[in-house]
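Just coords34.json here, JSON, C-alpha atoms:
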```
[["chain", "number", "residue", "atom", "x", "y", "z"],
["A", 1284, "MET", "CA", 20.72, -1.56, 11.81],
["A", 1285, "PRO", "CA", 19.11, -1.87, 15.27],
["A", 1286, "GLY", "CA", 16.69, 0.95, 14.40],
["A", 1287, "GLN", "CA", 15.82, -0.69, 11.09],
["A", 1288, "LEU", "CA", 15.22, -4.03, 12.79],
["A", 1289, "ARG", "CA", 13.05, -2.31, 15.41],
["A", 1290, "GLY", "CA", 11.01, -0.75, 12.60],
["A", 1291, "GLN", "CA", 10.57, -4.11, 10.88],
["A", 1292, "LEU", "CA", 9.46, -5.73, 14.13],
["A", 1293, "GLU", "CA", 6.99, -2.91, 14.74],
["A", 1294, "GLU", "CA", 5.56, -3.30, 11.23],
["A", 1295, "ALA", "CA", 5.24, -7.08, 11.76],
["A", 1296, "ARG", "CA", 3.35, -6.39, 15.01],
["A", 1297, "LYS", "CA", 1.01, -3.96, 13.24],
["A", 1298, "ARG", "CA", 0.40, -6.46, 10.43],
["A", 1299, "ARG", "CA", -0.54, -9.14, 12.98],
["A", 1300, "GLU", "CA", -2.91, -6.72, 14.71],
["A", 1301, "VAL", "CA", -4.77, -5.77, 11.54],
["A", 1302, "GLU", "CA", -4.93, -9.39, 10.39],
["A", 1303, "GLN", "CA", -6.35, -10.36, 13.82],
["A", 1304, "ARG", "CA", -8.88, -7.51, 13.65],
["A", 1305, "GLU", "CA", -9.92, -8.67, 10.17],
["A", 1306, "GLN", "CA", -10.32, -12.27, 11.34],
["A", 1307, "GLU", "CA", -12.42, -11.10, 14.30],
["A", 1308, "ARG", "CA", -14.59, -8.97, 11.98],
["A", 1309, "VAL", "CA", -15.32, -11.94, 9.72],
["A", 1310, "LEU", "CA", -15.95, -14.30, 12.65],
["A", 1311, "ALA", "CA", -18.33, -11.84, 14.36],
["A", 1312, "ALA", "CA", -20.31, -11.37, 11.18],
["A", 1313, "THR", "CA", -20.46, -15.12, 10.56],
["A", 1314, "ALA", "CA", -21.62, -15.72, 14.15],
["A", 1315, "ASN", "CA", -24.47, -13.28, 13.48],
["A", 1316, "GLY", "CA", -25.43, -15.15, 10.32],
["A", 1317, "VAL", "CA", -24.00, -12.52, 8.01],
["A", 1318, "GLU", "CA", -21.57, -13.48, 5.27],
["A", 1319, "VAL", "CA", -18.92, -10.83, 4.65],
["A", 1320, "ALA", "CA", -16.20, -10.69, 2.06],
["A", 1321, "ARG", "CA", -12.59, -10.99, 3.11],
["A", 1322, "GLN", "CA", -10.72, -7.68, 3.04],
["A", 1323, "ARG", "CA", -7.03, -7.19, 2.28],
["A", 1324, "ILE", "CA", -6.04, -3.86, 0.75],
["A", 1325, "LEU", "CA", -2.57, -3.69, -0.76],
["A", 1326, "VAL", "CA", -0.80, -0.41, -1.50],
["A", 1327, "VAL", "CA", 2.06, -0.29, -3.99],
["A", 1328, "GLY", "CA", 4.11, 2.49, -5.55],
["A", 1329, "PRO", "CA", 7.63, 3.84, -5.90],
["A", 1330, "CYS", "CA", 9.74, 4.79, -2.90],
["A", 1331, "ALA", "CA", 8.42, 7.93, -1.16],
["A", 1332, "SER", "CA", 5.04, 7.74, -2.90],
["A", 1333, "GLY", "CA", 3.26, 7.65, 0.46],
["A", 1334, "LYS", "CA", 2.63, 3.91, 0.87],
["A", 1335, "SER", "CA", 3.43, 3.75, 4.58],
["A", 1336, "ALA", "CA", 1.43, 6.87, 5.40],
["A", 1337, "LEU", "CA", -1.61, 5.66, 3.45],
["A", 1338, "VAL", "CA", -1.44, 2.17, 4.96],
["A", 1339, "GLU", "CA", -1.28, 3.63, 8.47],
["A", 1340, "ALA", "CA", -4.24, 5.92, 7.76],
["A", 1341, "LEU", "CA", -6.29, 3.08, 6.26],
["A", 1342, "ARG", "CA", -5.54, 0.93, 9.30],
["A", 1343, "GLN", "CA", -6.75, 3.77, 11.54],
["A", 1344, "HIS", "CA", -9.98, 3.74, 9.50],
["A", 1345, "GLY", "CA", -10.33, 0.02, 10.30],
["A", 1346, "TYR", "CA", -9.10, -1.41, 7.00],
["A", 1347, "ASN", "CA", -6.87, -4.47, 6.68],
["A", 1348, "ALA", "CA", -4.21, -2.55, 4.74],
["A", 1349, "HIS", "CA", -0.66, -3.52, 3.84],
["A", 1350, "SER", "CA", 2.12, -2.27, 1.59],
["A", 1351, "ALA", "CA", 4.32, -4.33, -0.67],
["A", 1352, "ALA", "CA", 7.90, -3.55, -1.61],
["A", 1353, "GLN", "CA", 7.14, -4.47, -5.21],
["A", 1354, "GLU", "CA", 9.37, -1.62, -6.43],
["A", 1355, "HIS", "CA", 12.40, -3.53, -5.12],
["A", 1356, "SER", "CA", 11.54, -6.87, -6.71],
["A", 1357, "HIS", "CA", 12.41, -8.19, -10.14],
["A", 1358, "VAL", "CA", 9.46, -10.58, -9.81],
["A", 1359, "LYS", "CA", 6.76, -8.58, -11.57],
["A", 1360, "THR", "CA", 3.91, -10.51, -9.95],
["A", 1361, "MET", "CA", 5.27, -10.41, -6.39],
["A", 1362, "TRP", "CA", 2.35, -8.24, -5.28],
["A", 1363, "LEU", "CA", 0.00, -11.17, -6.00],
["A", 1364, "MET", "CA", 1.65, -13.17, -3.19],
["A", 1365, "ASN", "CA", -0.13, -10.80, -0.78],
["A", 1366, "ASN", "CA", -3.47, -12.08, -2.11],
["A", 1367, "PRO", "CA", -5.12, -8.64, -2.09],
["A", 1368, "THR", "CA", -8.82, -8.05, -2.50],
["A", 1369, "HIS", "CA", -8.09, -4.46, -3.59],
["A", 1370, "LEU", "CA", -4.94, -2.94, -5.05],
["A", 1371, "ILE", "CA", -4.12, 0.76, -4.70],
["A", 1372, "PHE", "CA", -1.27, 2.19, -6.77],
["A", 1373, "LEU", "CA", 0.40, 5.47, -5.79],
["A", 1374, "GLU", "CA", 2.24, 7.54, -8.37],
["A", 1375, "VAL", "CA", 5.02, 10.01, -7.61],
["A", 1376, "ASN", "CA", 7.62, 11.91, -9.64],
["A", 1377, "MET", "CA", 11.25, 12.67, -8.82],
["A", 1378, "GLU", "CA", 10.55, 16.28, -7.86],
["A", 1379, "ASN", "CA", 8.10, 15.22, -5.15],
["A", 1380, "ILE", "CA", 10.31, 12.35, -3.99],
["A", 1381, "ARG", "CA", 13.10, 14.87, -3.33],
["A", 1382, "GLN", "CA", 10.70, 17.13, -1.44],
["A", 1383, "ARG", "CA", 9.62, 14.23, 0.78],
["A", 1384, "ARG", "CA", 12.91, 12.48, 1.37],
["A", 1385, "SER", "CA", 16.66, 12.79, 0.87],
["A", 1386, "VAL", "CA", 17.57, 10.12, -1.70],
["A", 1387, "SER", "CA", 20.89, 9.22, -3.26],
["A", 1388, "TRP", "CA", 19.35, 8.07, -6.53],
["A", 1389, "GLY", "CA", 17.77, 9.83, -9.47],
["A", 1390, "GLU", "CA", 15.39, 9.61, -12.38],
["A", 1391, "ASP", "CA", 16.98, 6.42, -13.79],
["A", 1392, "TYR", "CA", 16.27, 4.51, -10.59],
["A", 1393, "LEU", "CA", 12.69, 5.84, -10.46],
["A", 1394, "GLU", "CA", 12.20, 4.63, -14.03],
["A", 1395, "GLU", "CA", 13.50, 1.21, -12.96],
["A", 1396, "GLU", "CA", 11.09, 1.15, -10.01],
["A", 1397, "ASN", "CA", 8.20, 2.07, -12.31],
["A", 1398, "ARG", "CA", 9.23, -0.71, -14.70],
["A", 1399, "ARG", "CA", 9.16, -3.18, -11.80],
["A", 1400, "LEU", "CA", 5.76, -1.82, -10.77],
["A", 1401, "ALA", "CA", 4.20, -1.94, -14.25],
["A", 1402, "HIS", "CA", 2.31, -5.22, -13.71],
["A", 1403, "ALA", "CA", 0.83, -4.02, -10.42],
["A", 1404, "ARG", "CA", -0.11, -0.68, -12.01],
["A", 1405, "GLU", "CA", -1.90, -2.48, -14.85],
["A", 1406, "HIS", "CA", -3.95, -4.46, -12.32],
["A", 1407, "ALA", "CA", -4.59, -1.67, -9.80],
["A", 1408, "ASP", "CA", -8.17, -1.01, -8.79],
["A", 1409, "ILE", "CA", -7.34, 2.66, -8.34],
["A", 1410, "ILE", "CA", -4.32, 4.79, -9.24],
["A", 1411, "ILE", "CA", -3.77, 7.88, -7.12],
["A", 1412, "ASP", "CA", -1.35, 10.53, -8.33],
["A", 1413, "THR", "CA", 0.28, 11.77, -5.12],
["A", 1414, "ASN", "CA", 2.01, 14.57, -7.04],
["A", 1415, "ARG", "CA", -1.20, 16.51, -7.47],
["A", 1416, "ILE", "CA", -2.81, 16.20, -4.04],
["A", 1417, "PRO", "CA", -1.60, 16.31, -0.42],
["A", 1418, "LEU", "CA", -1.72, 13.25, 1.87],
["A", 1419, "PRO", "CA", -5.10, 14.03, 3.49],
["A", 1420, "GLU", "CA", -6.69, 14.09, 0.03],
["A", 1421, "VAL", "CA", -4.87, 10.87, -0.96],
["A", 1422, "ILE", "CA", -6.40, 9.24, 2.11],
["A", 1423, "THR", "CA", -9.85, 10.61, 1.31],
["A", 1424, "GLU", "CA", -9.61, 9.40, -2.29],
["A", 1425, "ALA", "CA", -8.56, 5.92, -1.16],
["A", 1426, "VAL", "CA", -11.28, 5.67, 1.51],
["A", 1427, "ASP", "CA", -13.93, 6.99, -0.90],
["A", 1428, "TYR", "CA", -12.88, 4.37, -3.46],
["A", 1429, "LEU", "CA", -12.99, 1.57, -0.88],
["A", 1430, "LYS", "CA", -16.44, 2.64, 0.31],
["A", 1431, "SER", "CA", -17.71, 2.78, -3.28],
["A", 1432, "ALA", "CA", -16.29, -0.72, -3.79],
["A", 1433, "GLY", "CA", -18.33, -1.92, -0.81],
["A", 1434, "VAL", "CA", -15.37, -2.25, 1.57],
["A", 1435, "GLY", "CA", -15.88, -0.98, 5.10]]
```

Translate the structure of the given file into structure tokens.
Amino acid sequence: MPGQLRGQLEEARKRREVEQREQERVLAATANGVEVARQRILVVGPCASGKSALVEALRQHGYNAHSAAQEHSHVKTMWLMNNPTHLIFLEVNMENIRQRRSVSWGEDYLEEENRRLAHAREHADIIIDTNRIPLPEVITEAVDYLKSAGVG
């Protein structure tokens, strides 16, 4: 539990940092007479789909990126509470989950997660299948999409 709490505190610190950086970006642009759109990228997907890794990479690229634990919620619209400007959905299958992480659950639980994620998937701006490409290419695909959408 102490390790888990430490991880949650670290994530909260990182969230504050990226939110502060985003606020500073908008304020600097406004001070220079430039109007810029707010940026809040949300990443959703089943467990072990690569959400945390993609969020960290997007943050390193200067994006205001966050993940949502939508796969654990029975509230199908929970992801909307994050008020994202862009929604990235990551897909993963059971075979790849087992390659990435030791899990005590199986295909039935993944199906349940995908059911919980269905609303977010329907509204995603981009869906990236992490089964078919390695993490560096997932990052490139996400960044390329964001640039084409005029973000960053």

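Minimum atom-to-atom distance to A:Arg1342, evaluated using only C-alpha atoms, belongs to A:Ile1422 out of A:Ala1311, A:Ile1410, A:Ile1422, A:Glu1405.
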
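Candidate residues A:Arg1404, A:Ile1409, A:Val1386, A:Lys1359 were compared for distance to A:Ile1371, and the nearest is A:Ile1409, using all atoms listed in the file.
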
Shortest contact to A:Gly1389, candidates A:Trp1362, A:Ala1401, A:His1357, A:Asn1376, atoms counted only C-alpha atoms, goes to A:Asn1376

Name all residues at most 8 Å from stretch 1289-1304 of chain A (count all atoms listed in the file; drop same-chain ones fewer than 5 positions away) and give them as a PDB file with C-alpha atoms, in the coordinates of the input.
```
ATOM      1  CA  ARG A1342      -5.540   0.930   9.300  1.00  0.00           C
ATOM      2  CA  TYR A1346      -9.100  -1.410   7.000  1.00  0.00           C
ATOM      3  CA  ASN A1347      -6.870  -4.470   6.680  1.00  0.00           C
ATOM      4  CA  ALA A1348      -4.210  -2.550   4.740  1.00  0.00           C
ATOM      5  CA  HIS A1349      -0.660  -3.520   3.840  1.00  0.00           C
TER       6      HIS A1349
END
```

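Considering the residues A:Pro1367, A:Pro1419, A:Gly1433, A:Gly1328 and counting all atoms listed in the file, A:Glu1354 has its shortest atom-to-atom contact with A:Gly1328.
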
re atom CA of A:Ala1312 and atom CA of A:Ala1336: distance 29.0 Å

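Here atom CA of A:Val1358 and atom CA of A:Asp1391 stand 19.0 Å from one another.
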
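Proximity to A:Thr1360 was assessed for A:Val1326, A:Leu1400, A:Met1377, A:Ala1320 counting all atoms listed in the file; the smallest distance is recorded for A:Leu1400.
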
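Of the residues under consideration (A:Gln1322, A:Glu1396, A:Cys1330, A:Ala1340), A:Gln1322 shows the shortest atom-to-atom contact distance to A:Asn1365 when counting all atoms listed in the file.
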
Correct to one decimal, the distance atom CA of A:Asn1414-atom CA of A:Asn1379 is 6.4 Å

If you count only C-alpha atoms, which residues fall within 12 Å of A:Pro1329, apart from same-chain ones fewer than 3 positions away, as a ChimeraX atom specification? /A:1326,1332-1335,1350-1356,1372-1377,1379-1380,1390,1392-1401,1403-1404,1412-1413

request  = Please identify all polymer residues within 8 Å of A:His1369, counting only C-alpha atoms, omitting same-chain residues fewer than 3 positions from it, and present them as a list in words.
outcome  = Gln1322, Arg1323, Ile1324, Leu1325, Ala1407 and Asp1408 of chain A
